[in-house]
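Trainee: Take this structure, written in structure tokens, and hold onto it; I'll ask about it next.
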Amino acid sequence: MFKEMRIKTLLLAGLMVWGPASLSAQKKWSLQDCIDYAMENNITLKKSKLQKQSATEDLKGAKAALLPTVSASTNQSVGYQPWKDSGIATVTNGTVNTKVDKTSYNGSYSLSGQWTVWNGGRNTNTIKLDQIAEQQAELSAQETANSIQERIAQIFTQILYLDENVKVNEQTLETSLKNEERGREMVNVGKMSKADLAQLSAQRANDEYSIVEVRSQLENYKLQLKQLLEITDETPFDVAVPEISDEQILAEIPGLQTVYEQALLTRPEIERSQLAIKSSDVSLSLAKAGWMPNVSVNGGLSTSTNSLSNMGWGSQFKSNVNSSLGLGVSMPIYDGRSTKTSVNKAKIQQLQAQLDLQDQQKTLYSDIQQFWLNAWTNQQKYQAAKSSVESAQQSYDLLSEQFRLGLKNIVELMSGKDKLLSSQQNQLQSKYQTLYNQQMLQFYAKGEMNQ
């Protein structure tokens, strides 16, 4: 009776704390569901994609710089000559009338154009730089996407581990409740002291606390995953727990060198570093353009009008037209070592880009090596832990029977229970560590996660 009441109480508490969300949840998210949703909604990724759009606009601007520029202007002004004493004389009915206009209205109109024919390749090299920058921005967005996917996989695996850990702790609690119930019966018949019963009760209470703690951790990781997906409303959230077989955990681990060579061809951080070297080459050519001459063509068309003229506005506009066409050439002679400094700094940038690529390759190899080592080590641990659990379970079953018959004391029983729980925890940890590192190796090699 006591055991049934304890179980009902725990179930009720679990429903009160975690039950509403699980009861109302309409969808359980798989790993792929989480990744797909994050790729569409994650704010950090959206910001990264905006950088690519900005780089595209810079490229369009650089291409437009190859075209000539054309501008039109006009100026309208009023003139006033206060001491003017001569004007236009007219004769009306034999009378001479003189009109002095001290105020005049002037207008000027112009159309001009300029085209850079040659500037040492600055414009064309700027286009190349912006093209590379656009590609790098795209790769940077891919890096952000990869980082988000890796974080999702890490959290998702942790959720799977904690979900199974809850079940293990529930089984442990059920065993503790049985032991406590058996202890009460033994106290009643005088085969156990109340002090020993108190230890069993304390063990049961500790197991109850462990369940609450693990469930709290589980909900916390679900919250982290929900935040990573940018789900900010009160929508119930839960994950789909897949069946994970021993065959999957013990599957052959791909070769370290094979994964690394494939990653060199697909990882965006490597390609971005390679593009940085190309960018530094173009930057060097751009810097050397400071020693080159600039050639440009310019032309203009202008006219003007004045209200004091005897000619009409249209006649003035036509007769005052002035056009020009010119060719400009400028040759740098001495620029205070500005170009020389730019060239030397561009060469330093080349070396820096090459070192950055080597560093990126080294980091990539180190990451893959760590995932490979963790996968291999935890796979071996899982095999050992699986045997350990079987052995510990058999030992504990025997201890329980001997305790029931009064042949083993409370200390031996609790020690056996602790060993069993420790073996189960070790098996769970090695199982999901293997799973996670297998996922990472596949992701680095093929760009996709195991489902």
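Letters A, B, ... mark the chains of the structure tokens in the order given; residue numbers begin at 1 per chain; ligand numbers begin at 1, in order shown.
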I'd like to know which residues of range 227-364 of chain A are alpha helix (DSSP H) (by DSSP, run on the backbone); could you write them as a ChimeraX atom specification?

Mentor: /A:227-228,246-249,256-266,268-288,313-319,338-364

Trainee: Tell me, as a list in words, which residues lie within 8 Å of Thr266 in chain A, counting only C-alpha atoms; anything in the same chain fewer than 4 positions away does not count.

Mentor: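 Counting only C-alpha atoms, the residues come to Gln262, Ile270, Glu271, Ala445, Lys446 and Gly447 of chain A.
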
Trainee: Name the residues in contact with range 114-120 of chain A at a cut-off of 6 Å, using only C-alpha atoms, excluding same-chain residues fewer than 5 positions from it; report them as an MDAnalysis selection string.

Mentor: chainID A and resid 68:69 289 292 294:298

Trainee: Counting only C-alpha atoms, which of A:Ala65, A:Met414, A:Ile159, A:Leu399 gets nearest to Arg215 in chain A?

Mentor: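 Smallest distance to Arg215 in chain A is found for A:Ile159.
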
Trainee: I need the residue nearest Gln427 in chain A from this list: A:Val168, A:Val259, A:Ala145, A:Ile231. Use only C-alpha atoms for the distance.

Mentor: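 Among A:Val168, A:Val259, A:Ala145, A:Ile231, it is A:Val168 that comes nearest to Gln427 in chain A.
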